[in-house]
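Contents: one structure, followed by commentary.
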Number of protein chains: 2
Amino acid sequence: MNFCPACGKSVSSKIPDGDHLPRFVCDACATIHYENPRVIAGCIPDWEGKLLLCRRAIEPRRGFWTVPAGFMENGEAVQDAAAREAQEEALADVEIGSLVAMVNVIRAHQVHIIFRARLKNTDFGVGPESLEVGLFDERDIPWPEIAFLSVEFALRRYFDDRHEKRQLAHFRDIDWKDGELVLRDR
Amino acid sequence: MNFCPACGKSVSSKIPDGDHLPRFVCDACATIHYENPRVIAGCIPDWEGKLLLCRRAIEPRRGFWTVPAGFMENGEAVQDAAAREAQEEALADVEIGSLVAMVNVIRAHQVHIIFRARLKNTDFGVGPESLEVGLFDERDIPWPEIAFLSVEFALRRYFDDRHEKRQLAHFRDIDWKDGELVLRDR
């Protein structure tokens, strides 16, 4: 941020009175501009035990596989955002189920919230952000080609729970410190 | 938003190519500025069965009671944000537990994520955003003076679960349509 979205004058990074973190503050109108993490909403669509995955047509991680997921929008619920992403990325009609994973991706300023889902029919297809979409048995999941650590975490816990015939919610932090990956389960 | 935070020129609200919602787009540099929901992180601190509540010293809902909660910041986990808010609003040292409620507050562009918590000791106090802080038995909860519907939802489900000796996660949407409150449980 270089300029104040309210008045168009320059901003400076400073710690406002009574605050504890630096914020962008307008040099002219003194408006404080907060920046906050964003929610990535996703789901794991299941069709008779097979899971729907999409191969990404866009960066980051073009060519890698993921579950449908993307930025939650103003005016929608997390669950509806997850269903919308399934529609957009895989032309898939899903019914959102229970929470499977909430992952804090600290350095990216993101919270990934991923639900179980039921694929309502097999009339899915390849959305504009995907190269390929398919249904995978557990033994066929392309683990080394999964795009994101949060998605791998959600998928592995999904299968663990399925084997145990339960549906738990799982929590993890993903961070990088001094160039090293740091995972913390909660 | 009136001006581009990147270059300082004027912005217009328009639907970018390939998008489906209006965004603020810079008239000069064409940068698209997305706006997304924000996460409110909170917790229900428990001390020997009594719950810690704070009476708000700030708007909105000044004078009403709530659990510690506030905007999640960049660089932290939802759980750490919830613990930080307990420290700031009630000078309370808590250990965050399981998820009790995730509430989509649609019109406010917020997701409220509230955890169970254990108050580690009774050395709490009145933070700068609180008028009063106290421990309440279930029968003494000031229900008509609870500040937010999301907090009332979380507290009621908390007690339901305690009676049933379980810890579930509960999901609800809160919205307003044509001036009427619309609740949807998930």
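Identifiers in this document derive from the order of the structure tokens: chains are assigned A, B, ..., residues are numbered from 1 separately in each chain, and ligands are numbered from 1 in order of occurrence.
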Mind listing the strand (DSSP E) residues of stretch 31-109 of chain A, per DSSP on the backbone, as a PyMOL selection string? chain A and resi 32-33+38-47+50-56+65-66+69-71+94-105
Selected residues written out, N, CA, C and O atoms, as a compact mmCIF listing (two decimals), in the first residue's frame:
# COMPACT_ATOMS: atom_id res chain seq x y z
N ILE A 32 -6.60 4.72 9.38
CA ILE A 32 -5.76 3.54 9.60
C ILE A 32 -6.28 2.41 8.70
O ILE A 32 -7.48 2.12 8.71
N HIS A 33 -5.39 1.82 7.92
CA HIS A 33 -5.80 0.76 6.99
C HIS A 33 -5.29 -0.58 7.51
O HIS A 33 -4.09 -0.85 7.45
N ARG A 38 -6.86 -13.83 4.90
CA ARG A 38 -8.01 -14.18 4.07
C ARG A 38 -8.33 -15.67 4.21
O ARG A 38 -7.44 -16.49 4.49
N VAL A 39 -9.60 -15.99 4.01
CA VAL A 39 -10.05 -17.38 4.12
C VAL A 39 -10.04 -18.03 2.74
O VAL A 39 -10.59 -17.49 1.78
N ILE A 40 -9.40 -19.19 2.67
CA ILE A 40 -9.49 -20.07 1.50
C ILE A 40 -10.48 -21.17 1.87
O ILE A 40 -10.27 -21.88 2.85
N ALA A 41 -11.56 -21.28 1.10
CA ALA A 41 -12.59 -22.28 1.37
C ALA A 41 -12.47 -23.40 0.34
O ALA A 41 -12.35 -23.14 -0.86
N GLY A 42 -12.51 -24.65 0.82
CA GLY A 42 -12.40 -25.78 -0.09
C GLY A 42 -13.21 -26.96 0.38
O GLY A 42 -13.78 -26.95 1.48
N CYS A 43 -13.30 -27.97 -0.48
CA CYS A 43 -14.02 -29.19 -0.09
C CYS A 43 -13.40 -30.41 -0.76
O CYS A 43 -12.66 -30.29 -1.73
N ILE A 44 -13.71 -31.57 -0.20
CA ILE A 44 -13.25 -32.86 -0.72
C ILE A 44 -14.48 -33.60 -1.22
O ILE A 44 -15.17 -34.27 -0.44
N PRO A 45 -14.79 -33.48 -2.52
CA PRO A 45 -16.01 -34.12 -3.04
C PRO A 45 -15.80 -35.63 -3.19
O PRO A 45 -14.83 -36.08 -3.79
N ASP A 46 -16.74 -36.39 -2.63
CA ASP A 46 -16.66 -37.85 -2.60
C ASP A 46 -17.78 -38.43 -3.46
O ASP A 46 -18.94 -38.04 -3.31
N TRP A 47 -17.42 -39.34 -4.35
CA TRP A 47 -18.40 -40.07 -5.16
C TRP A 47 -18.14 -41.56 -5.00
O TRP A 47 -17.16 -42.07 -5.50
N LYS A 50 -14.63 -42.48 -4.17
CA LYS A 50 -13.57 -41.82 -4.94
C LYS A 50 -13.65 -40.32 -4.73
O LYS A 50 -14.74 -39.76 -4.59
N LEU A 51 -12.48 -39.68 -4.74
CA LEU A 51 -12.43 -38.24 -4.47
C LEU A 51 -12.14 -37.46 -5.75
O LEU A 51 -11.33 -37.89 -6.59
N LEU A 52 -12.78 -36.31 -5.85
CA LEU A 52 -12.60 -35.46 -7.03
C LEU A 52 -11.41 -34.52 -6.83
O LEU A 52 -11.38 -33.76 -5.86
N LEU A 53 -10.46 -34.58 -7.72
CA LEU A 53 -9.30 -33.69 -7.70
C LEU A 53 -9.21 -32.93 -9.02
O LEU A 53 -9.68 -33.41 -10.06
N CYS A 54 -8.59 -31.75 -8.95
CA CYS A 54 -8.40 -30.90 -10.13
C CYS A 54 -6.90 -30.64 -10.33
O CYS A 54 -6.20 -30.38 -9.36
N ARG A 55 -6.48 -30.69 -11.59
CA ARG A 55 -5.08 -30.32 -11.87
C ARG A 55 -5.06 -28.85 -12.26
O ARG A 55 -5.80 -28.44 -13.17
N ARG A 56 -4.25 -28.07 -11.57
CA ARG A 56 -4.31 -26.61 -11.67
C ARG A 56 -3.80 -26.09 -13.02
O ARG A 56 -2.72 -26.46 -13.46
N TRP A 65 -1.98 -31.15 -8.49
CA TRP A 65 -3.36 -31.53 -8.17
C TRP A 65 -3.82 -30.94 -6.85
O TRP A 65 -3.04 -30.84 -5.90
N THR A 66 -5.10 -30.61 -6.78
CA THR A 66 -5.67 -30.06 -5.55
C THR A 66 -7.14 -30.44 -5.45
O THR A 66 -7.71 -31.01 -6.39
N ALA A 69 -10.85 -25.28 -4.27
CA ALA A 69 -10.67 -24.33 -3.16
C ALA A 69 -10.32 -22.96 -3.71
O ALA A 69 -9.71 -22.86 -4.78
N GLY A 70 -10.69 -21.92 -2.98
CA GLY A 70 -10.33 -20.58 -3.41
C GLY A 70 -10.77 -19.54 -2.40
O GLY A 70 -11.33 -19.88 -1.35
N PHE A 71 -10.52 -18.28 -2.71
CA PHE A 71 -10.81 -17.20 -1.78
C PHE A 71 -12.31 -17.07 -1.52
O PHE A 71 -13.11 -16.97 -2.45
N VAL A 94 -21.98 -30.12 -5.53
CA VAL A 94 -21.66 -30.81 -4.28
C VAL A 94 -22.59 -30.39 -3.15
O VAL A 94 -23.17 -29.31 -3.18
N GLU A 95 -22.70 -31.28 -2.18
CA GLU A 95 -23.36 -30.94 -0.92
C GLU A 95 -22.29 -30.94 0.17
O GLU A 95 -21.64 -31.96 0.39
N ILE A 96 -22.13 -29.79 0.80
CA ILE A 96 -21.06 -29.64 1.79
C ILE A 96 -21.42 -30.38 3.07
O ILE A 96 -22.56 -30.30 3.54
N GLY A 97 -20.44 -31.08 3.64
CA GLY A 97 -20.63 -31.83 4.88
C GLY A 97 -19.87 -31.22 6.04
O GLY A 97 -19.83 -30.00 6.20
N SER A 98 -19.23 -32.07 6.82
CA SER A 98 -18.58 -31.63 8.05
C SER A 98 -17.19 -31.04 7.77
O SER A 98 -16.57 -31.28 6.74
N LEU A 99 -16.72 -30.28 8.74
CA LEU A 99 -15.38 -29.69 8.66
C LEU A 99 -14.34 -30.80 8.79
O LEU A 99 -14.40 -31.59 9.73
N VAL A 100 -13.37 -30.83 7.87
CA VAL A 100 -12.29 -31.81 8.00
C VAL A 100 -10.99 -31.15 8.44
O VAL A 100 -10.25 -31.74 9.24
N ALA A 101 -10.71 -29.92 7.97
CA ALA A 101 -9.43 -29.30 8.33
C ALA A 101 -9.53 -27.79 8.36
O ALA A 101 -10.18 -27.17 7.51
N MET A 102 -8.88 -27.21 9.37
CA MET A 102 -8.65 -25.77 9.41
C MET A 102 -7.15 -25.57 9.58
O MET A 102 -6.57 -26.00 10.58
N VAL A 103 -6.53 -24.96 8.58
CA VAL A 103 -5.07 -24.84 8.55
C VAL A 103 -4.68 -23.37 8.49
O VAL A 103 -5.07 -22.65 7.56
N ASN A 104 -3.93 -22.93 9.49
CA ASN A 104 -3.37 -21.58 9.48
C ASN A 104 -2.11 -21.59 8.62
O ASN A 104 -1.12 -22.23 9.00
N VAL A 105 -2.14 -20.89 7.49
CA VAL A 105 -0.94 -20.78 6.66
C VAL A 105 -0.37 -19.39 6.96
O VAL A 105 -0.72 -18.39 6.33
With the cut-off set at 6 Å and counting only C-alpha atoms, tabulate each residue of chain B with an atom at most that distance from an atom of chain A, showing the nearest atom pair and its distance in Å to one decimal, ordered by chain and increasing number, as JSON lines.
{"residue": "B:Met1", "atom": "CA", "partner": "A:Pro5", "partner_atom": "CA", "distance": 5.1}
{"residue": "B:Asn2", "atom": "CA", "partner": "A:Ala6", "partner_atom": "CA", "distance": 5.4}
{"residue": "B:Phe3", "atom": "CA", "partner": "A:Pro5", "partner_atom": "CA", "distance": 4.5}
{"residue": "B:Cys4", "atom": "CA", "partner": "A:Pro5", "partner_atom": "CA", "distance": 5.8}
{"residue": "B:Pro5", "atom": "CA", "partner": "A:Phe3", "partner_atom": "CA", "distance": 4.5}
{"residue": "B:Ala6", "atom": "CA", "partner": "A:Asn2", "partner_atom": "CA", "distance": 5.4}
{"residue": "B:Gly8", "atom": "CA", "partner": "A:Gly8", "partner_atom": "CA", "distance": 5.1}
{"residue": "B:Asn36", "atom": "CA", "partner": "A:Asn74", "partner_atom": "CA", "distance": 5.2}
{"residue": "B:Pro37", "atom": "CA", "partner": "A:Asn74", "partner_atom": "CA", "distance": 5.3}
{"residue": "B:Glu73", "atom": "CA", "partner": "A:Asn36", "partner_atom": "CA", "distance": 5.3}
{"residue": "B:Asn74", "atom": "CA", "partner": "A:His109", "partner_atom": "CA", "distance": 5.2}
{"residue": "B:Gly75", "atom": "CA", "partner": "A:Ile106", "partner_atom": "CA", "distance": 5.2}
{"residue": "B:Glu76", "atom": "CA", "partner": "A:Ile106", "partner_atom": "CA", "distance": 5.9}
{"residue": "B:Ala77", "atom": "CA", "partner": "A:Asn104", "partner_atom": "CA", "distance": 5.3}
{"residue": "B:Asn104", "atom": "CA", "partner": "A:Ala77", "partner_atom": "CA", "distance": 5.3}
{"residue": "B:Ile106", "atom": "CA", "partner": "A:Gly75", "partner_atom": "CA", "distance": 5.2}
{"residue": "B:His109", "atom": "CA", "partner": "A:Asn74", "partner_atom": "CA", "distance": 5.2}
Please produce an output containing N, CA, C and O atoms for each residue in the selection, written as a PDB file, in the first residue's frame.
ATOM      1  N   MET B   1     -13.655   2.434  -1.038  1.00  0.00           N
ATOM      2  CA  MET B   1     -12.402   2.693  -1.757  1.00  0.00           C
ATOM      3  C   MET B   1     -12.629   3.695  -2.887  1.00  0.00           C
ATOM      4  O   MET B   1     -13.464   3.472  -3.763  1.00  0.00           O
ATOM      5  N   ASN B   2     -11.863   4.799  -2.825  1.00  0.00           N
ATOM      6  CA  ASN B   2     -11.963   5.839  -3.856  1.00  0.00           C
ATOM      7  C   ASN B   2     -10.718   5.896  -4.730  1.00  0.00           C
ATOM      8  O   ASN B   2     -10.794   6.281  -5.899  1.00  0.00           O
ATOM      9  N   PHE B   3      -9.581   5.533  -4.144  1.00  0.00           N
ATOM     10  CA  PHE B   3      -8.310   5.672  -4.844  1.00  0.00           C
ATOM     11  C   PHE B   3      -7.506   4.373  -4.785  1.00  0.00           C
ATOM     12  O   PHE B   3      -7.638   3.597  -3.829  1.00  0.00           O
ATOM     13  N   CYS B   4      -6.677   4.171  -5.799  1.00  0.00           N
ATOM     14  CA  CYS B   4      -5.869   2.956  -5.892  1.00  0.00           C
ATOM     15  C   CYS B   4      -4.750   2.982  -4.848  1.00  0.00           C
ATOM     16  O   CYS B   4      -3.916   3.898  -4.866  1.00  0.00           O
ATOM     17  N   PRO B   5      -4.712   1.981  -3.940  1.00  0.00           N
ATOM     18  CA  PRO B   5      -3.644   1.946  -2.937  1.00  0.00           C
ATOM     19  C   PRO B   5      -2.254   1.769  -3.557  1.00  0.00           C
ATOM     20  O   PRO B   5      -1.257   2.124  -2.942  1.00  0.00           O
ATOM     21  N   ALA B   6      -2.207   1.262  -4.784  1.00  0.00           N
ATOM     22  CA  ALA B   6      -0.912   1.042  -5.437  1.00  0.00           C
ATOM     23  C   ALA B   6      -0.378   2.335  -6.054  1.00  0.00           C
ATOM     24  O   ALA B   6       0.766   2.721  -5.804  1.00  0.00           O
ATOM     25  N   GLY B   8      -2.430   5.504  -6.468  1.00  0.00           N
ATOM     26  CA  GLY B   8      -3.021   6.754  -5.997  1.00  0.00           C
ATOM     27  C   GLY B   8      -4.032   7.399  -6.930  1.00  0.00           C
ATOM     28  O   GLY B   8      -4.616   8.427  -6.587  1.00  0.00           O
ATOM     29  N   ASN B  36     -12.311  -9.059   0.953  1.00  0.00           N
ATOM     30  CA  ASN B  36     -12.716 -10.395   1.424  1.00  0.00           C
ATOM     31  C   ASN B  36     -13.159 -10.337   2.875  1.00  0.00           C
ATOM     32  O   ASN B  36     -12.798  -9.409   3.596  1.00  0.00           O
ATOM     33  N   PRO B  37     -13.919 -11.353   3.303  1.00  0.00           N
ATOM     34  CA  PRO B  37     -14.370 -11.389   4.695  1.00  0.00           C
ATOM     35  C   PRO B  37     -13.186 -11.455   5.659  1.00  0.00           C
ATOM     36  O   PRO B  37     -12.105 -11.944   5.315  1.00  0.00           O
ATOM     37  N   GLU B  73      -5.160 -11.204  13.146  1.00  0.00           N
ATOM     38  CA  GLU B  73      -4.139 -10.394  12.493  1.00  0.00           C
ATOM     39  C   GLU B  73      -3.287 -11.233  11.537  1.00  0.00           C
ATOM     40  O   GLU B  73      -3.122 -12.440  11.748  1.00  0.00           O
ATOM     41  N   ASN B  74      -2.696 -10.571  10.545  1.00  0.00           N
ATOM     42  CA  ASN B  74      -1.692 -11.236   9.717  1.00  0.00           C
ATOM     43  C   ASN B  74      -0.570 -11.774  10.602  1.00  0.00           C
ATOM     44  O   ASN B  74      -0.176 -11.121  11.570  1.00  0.00           O
ATOM     45  N   GLY B  75      -0.089 -12.974  10.274  1.00  0.00           N
ATOM     46  CA  GLY B  75       1.061 -13.519  10.988  1.00  0.00           C
ATOM     47  C   GLY B  75       0.713 -14.344  12.209  1.00  0.00           C
ATOM     48  O   GLY B  75       1.608 -14.790  12.925  1.00  0.00           O
ATOM     49  N   GLU B  76      -0.573 -14.542  12.469  1.00  0.00           N
ATOM     50  CA  GLU B  76      -0.942 -15.379  13.614  1.00  0.00           C
ATOM     51  C   GLU B  76      -1.944 -16.438  13.180  1.00  0.00           C
ATOM     52  O   GLU B  76      -2.579 -16.333  12.133  1.00  0.00           O
ATOM     53  N   ALA B  77      -2.083 -17.475  14.036  1.00  0.00           N
ATOM     54  CA  ALA B  77      -3.077 -18.525  13.848  1.00  0.00           C
ATOM     55  C   ALA B  77      -4.392 -18.071  14.482  1.00  0.00           C
ATOM     56  O   ALA B  77      -4.391 -17.234  15.386  1.00  0.00           O
ATOM     57  N   ASN B 104     -20.940 -17.732  10.130  1.00  0.00           N
ATOM     58  CA  ASN B 104     -20.832 -16.801   9.009  1.00  0.00           C
ATOM     59  C   ASN B 104     -21.761 -15.624   9.270  1.00  0.00           C
ATOM     60  O   ASN B 104     -22.978 -15.795   9.295  1.00  0.00           O
ATOM     61  N   ILE B 106     -22.941 -12.899   7.463  1.00  0.00           N
ATOM     62  CA  ILE B 106     -22.837 -12.636   6.027  1.00  0.00           C
ATOM     63  C   ILE B 106     -22.748 -11.140   5.712  1.00  0.00           C
ATOM     64  O   ILE B 106     -21.843 -10.712   4.996  1.00  0.00           O
ATOM     65  N   HIS B 109     -19.571  -9.346   6.511  1.00  0.00           N
ATOM     66  CA  HIS B 109     -18.358  -9.839   5.851  1.00  0.00           C
ATOM     67  C   HIS B 109     -17.373 -10.376   6.887  1.00  0.00           C
ATOM     68  O   HIS B 109     -16.190 -10.062   6.866  1.00  0.00           O
TER      69      HIS B 109
END
By how many Å are atom CA of A:Pro60 and atom CA of A:Phe136 apart?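 Interatomic distance here is 22.4 Å.
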Report, in Å to a single decimal, how far apart atom CA of B:Ser13 and atom CA of B:Val25 are.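 Between atom CA of B:Val25 and atom CA of B:Ser13 the gap works out to 6.2 Å.
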Going by DSSP on the backbone, which residues of stretch 121-157 of chain B come out as helix (DSSP H, G or I)? List them as a list in words.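 Matching residues for helix (DSSP H, G or I) in stretch 121-157 of chain B are Glu138, Arg139, Asp140, Trp143, Pro144, Glu145, Leu149, Ser150, Val151, Glu152, Phe153, Ala154, Leu155, Arg156 and Arg157 of chain B.
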Would you output that residue set with all heavy atoms, as a compact mmCIF listing (two decimals), in the first residue's frame?
# COMPACT_ATOMS: atom_id res chain seq x y z
N GLU B 138 -23.52 -20.92 34.80
CA GLU B 138 -24.50 -20.97 33.71
C GLU B 138 -25.78 -20.22 34.07
O GLU B 138 -26.32 -19.47 33.26
CB GLU B 138 -24.84 -22.44 33.35
CG GLU B 138 -25.85 -22.52 32.22
CD GLU B 138 -26.15 -23.94 31.77
OE1 GLU B 138 -25.60 -24.89 32.35
OE2 GLU B 138 -26.95 -24.08 30.82
N ARG B 139 -26.25 -20.40 35.31
CA ARG B 139 -27.54 -19.76 35.69
C ARG B 139 -27.44 -18.24 35.79
O ARG B 139 -28.45 -17.55 35.82
CB ARG B 139 -28.05 -20.35 37.01
CG ARG B 139 -27.15 -20.08 38.19
CD ARG B 139 -27.75 -20.64 39.50
NE ARG B 139 -26.79 -20.50 40.60
CZ ARG B 139 -25.79 -21.33 40.83
NH1 ARG B 139 -25.61 -22.41 40.08
NH2 ARG B 139 -24.94 -21.13 41.84
N ASP B 140 -26.21 -17.71 35.80
CA ASP B 140 -26.04 -16.26 35.96
C ASP B 140 -25.66 -15.54 34.66
O ASP B 140 -25.44 -14.32 34.67
CB ASP B 140 -24.94 -15.98 37.00
CG ASP B 140 -25.33 -16.52 38.37
OD1 ASP B 140 -26.53 -16.47 38.71
OD2 ASP B 140 -24.43 -17.02 39.09
N TRP B 143 -28.12 -13.35 29.65
CA TRP B 143 -28.52 -13.63 28.26
C TRP B 143 -29.07 -12.41 27.52
O TRP B 143 -28.69 -12.18 26.37
CB TRP B 143 -29.53 -14.78 28.21
CG TRP B 143 -28.93 -16.12 28.60
CD1 TRP B 143 -29.20 -16.84 29.72
CD2 TRP B 143 -27.94 -16.87 27.87
NE1 TRP B 143 -28.45 -17.99 29.75
CE2 TRP B 143 -27.67 -18.05 28.62
CE3 TRP B 143 -27.26 -16.68 26.66
CZ2 TRP B 143 -26.76 -19.02 28.21
CZ3 TRP B 143 -26.35 -17.64 26.25
CH2 TRP B 143 -26.10 -18.78 27.01
N PRO B 144 -29.95 -11.62 28.12
CA PRO B 144 -30.48 -10.48 27.35
C PRO B 144 -29.44 -9.39 27.09
O PRO B 144 -29.67 -8.52 26.26
CB PRO B 144 -31.60 -9.92 28.25
CG PRO B 144 -31.86 -10.97 29.28
CD PRO B 144 -30.57 -11.71 29.45
N GLU B 145 -28.30 -9.49 27.78
CA GLU B 145 -27.27 -8.47 27.61
C GLU B 145 -26.04 -9.02 26.88
O GLU B 145 -24.96 -8.43 26.97
CB GLU B 145 -26.85 -7.91 28.97
CG GLU B 145 -27.97 -7.16 29.68
CD GLU B 145 -27.62 -6.90 31.14
OE1 GLU B 145 -26.60 -6.24 31.39
OE2 GLU B 145 -28.35 -7.40 32.02
N LEU B 149 -25.16 -12.08 18.45
CA LEU B 149 -25.87 -13.33 18.22
C LEU B 149 -24.91 -14.51 18.09
O LEU B 149 -25.23 -15.62 18.51
CB LEU B 149 -26.72 -13.22 16.94
CG LEU B 149 -27.91 -12.28 17.02
CD1 LEU B 149 -28.52 -12.08 15.63
CD2 LEU B 149 -28.96 -12.84 17.98
N SER B 150 -23.75 -14.27 17.47
CA SER B 150 -22.78 -15.36 17.31
C SER B 150 -22.28 -15.84 18.67
O SER B 150 -22.07 -17.04 18.88
CB SER B 150 -21.60 -14.89 16.45
OG SER B 150 -20.95 -13.79 17.08
N VAL B 151 -22.09 -14.91 19.59
CA VAL B 151 -21.59 -15.27 20.92
C VAL B 151 -22.67 -16.00 21.71
O VAL B 151 -22.39 -17.00 22.38
CB VAL B 151 -21.10 -14.00 21.66
CG1 VAL B 151 -20.80 -14.29 23.13
CG2 VAL B 151 -19.87 -13.42 20.97
N GLU B 152 -23.92 -15.54 21.58
CA GLU B 152 -25.01 -16.25 22.25
C GLU B 152 -25.10 -17.69 21.73
O GLU B 152 -25.24 -18.65 22.50
CB GLU B 152 -26.35 -15.54 22.05
CG GLU B 152 -27.46 -16.28 22.76
CD GLU B 152 -28.85 -15.70 22.57
OE1 GLU B 152 -28.97 -14.55 22.11
OE2 GLU B 152 -29.82 -16.44 22.88
N PHE B 153 -24.99 -17.85 20.40
CA PHE B 153 -25.02 -19.18 19.78
C PHE B 153 -23.91 -20.06 20.35
O PHE B 153 -24.16 -21.21 20.76
CB PHE B 153 -24.86 -19.01 18.27
CG PHE B 153 -24.71 -20.29 17.50
CD1 PHE B 153 -25.77 -21.16 17.34
CD2 PHE B 153 -23.49 -20.62 16.92
CE1 PHE B 153 -25.63 -22.34 16.62
CE2 PHE B 153 -23.34 -21.80 16.19
CZ PHE B 153 -24.42 -22.66 16.04
N ALA B 154 -22.70 -19.52 20.40
CA ALA B 154 -21.56 -20.31 20.89
C ALA B 154 -21.76 -20.69 22.36
O ALA B 154 -21.50 -21.84 22.75
CB ALA B 154 -20.27 -19.52 20.71
N LEU B 155 -22.23 -19.75 23.17
CA LEU B 155 -22.43 -20.05 24.59
C LEU B 155 -23.52 -21.09 24.80
O LEU B 155 -23.36 -22.02 25.59
CB LEU B 155 -22.80 -18.76 25.34
CG LEU B 155 -21.66 -17.76 25.57
CD1 LEU B 155 -22.22 -16.44 26.11
CD2 LEU B 155 -20.61 -18.32 26.53
N ARG B 156 -24.62 -20.98 24.07
CA ARG B 156 -25.72 -21.95 24.26
C ARG B 156 -25.27 -23.36 23.83
O ARG B 156 -25.56 -24.35 24.50
CB ARG B 156 -26.97 -21.51 23.49
CG ARG B 156 -27.61 -20.26 24.10
CD ARG B 156 -29.07 -20.10 23.70
NE ARG B 156 -29.64 -18.87 24.17
CZ ARG B 156 -30.20 -18.68 25.38
NH1 ARG B 156 -30.23 -19.68 26.25
NH2 ARG B 156 -30.70 -17.51 25.71
N ARG B 157 -24.55 -23.45 22.72
CA ARG B 157 -24.07 -24.76 22.27
C ARG B 157 -23.01 -25.31 23.23
O ARG B 157 -22.92 -26.51 23.44
CB ARG B 157 -23.51 -24.66 20.85
CG ARG B 157 -24.53 -24.36 19.79
CD ARG B 157 -25.60 -25.44 19.69
NE ARG B 157 -26.65 -25.06 18.77
CZ ARG B 157 -27.71 -24.31 19.09
NH1 ARG B 157 -27.88 -23.86 20.33
NH2 ARG B 157 -28.62 -24.00 18.18
Please measure the separation of atom CA of A:Phe124 and atom CA of A:Ala86, giving the value in Å to one decimal.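 Distance between the two atoms: 9.2 Å.
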7 Å contact set for A:Ser12, only C-alpha atoms, chain neighbours under 4 positions out, as a ChimeraX atom specification: /A:24-27
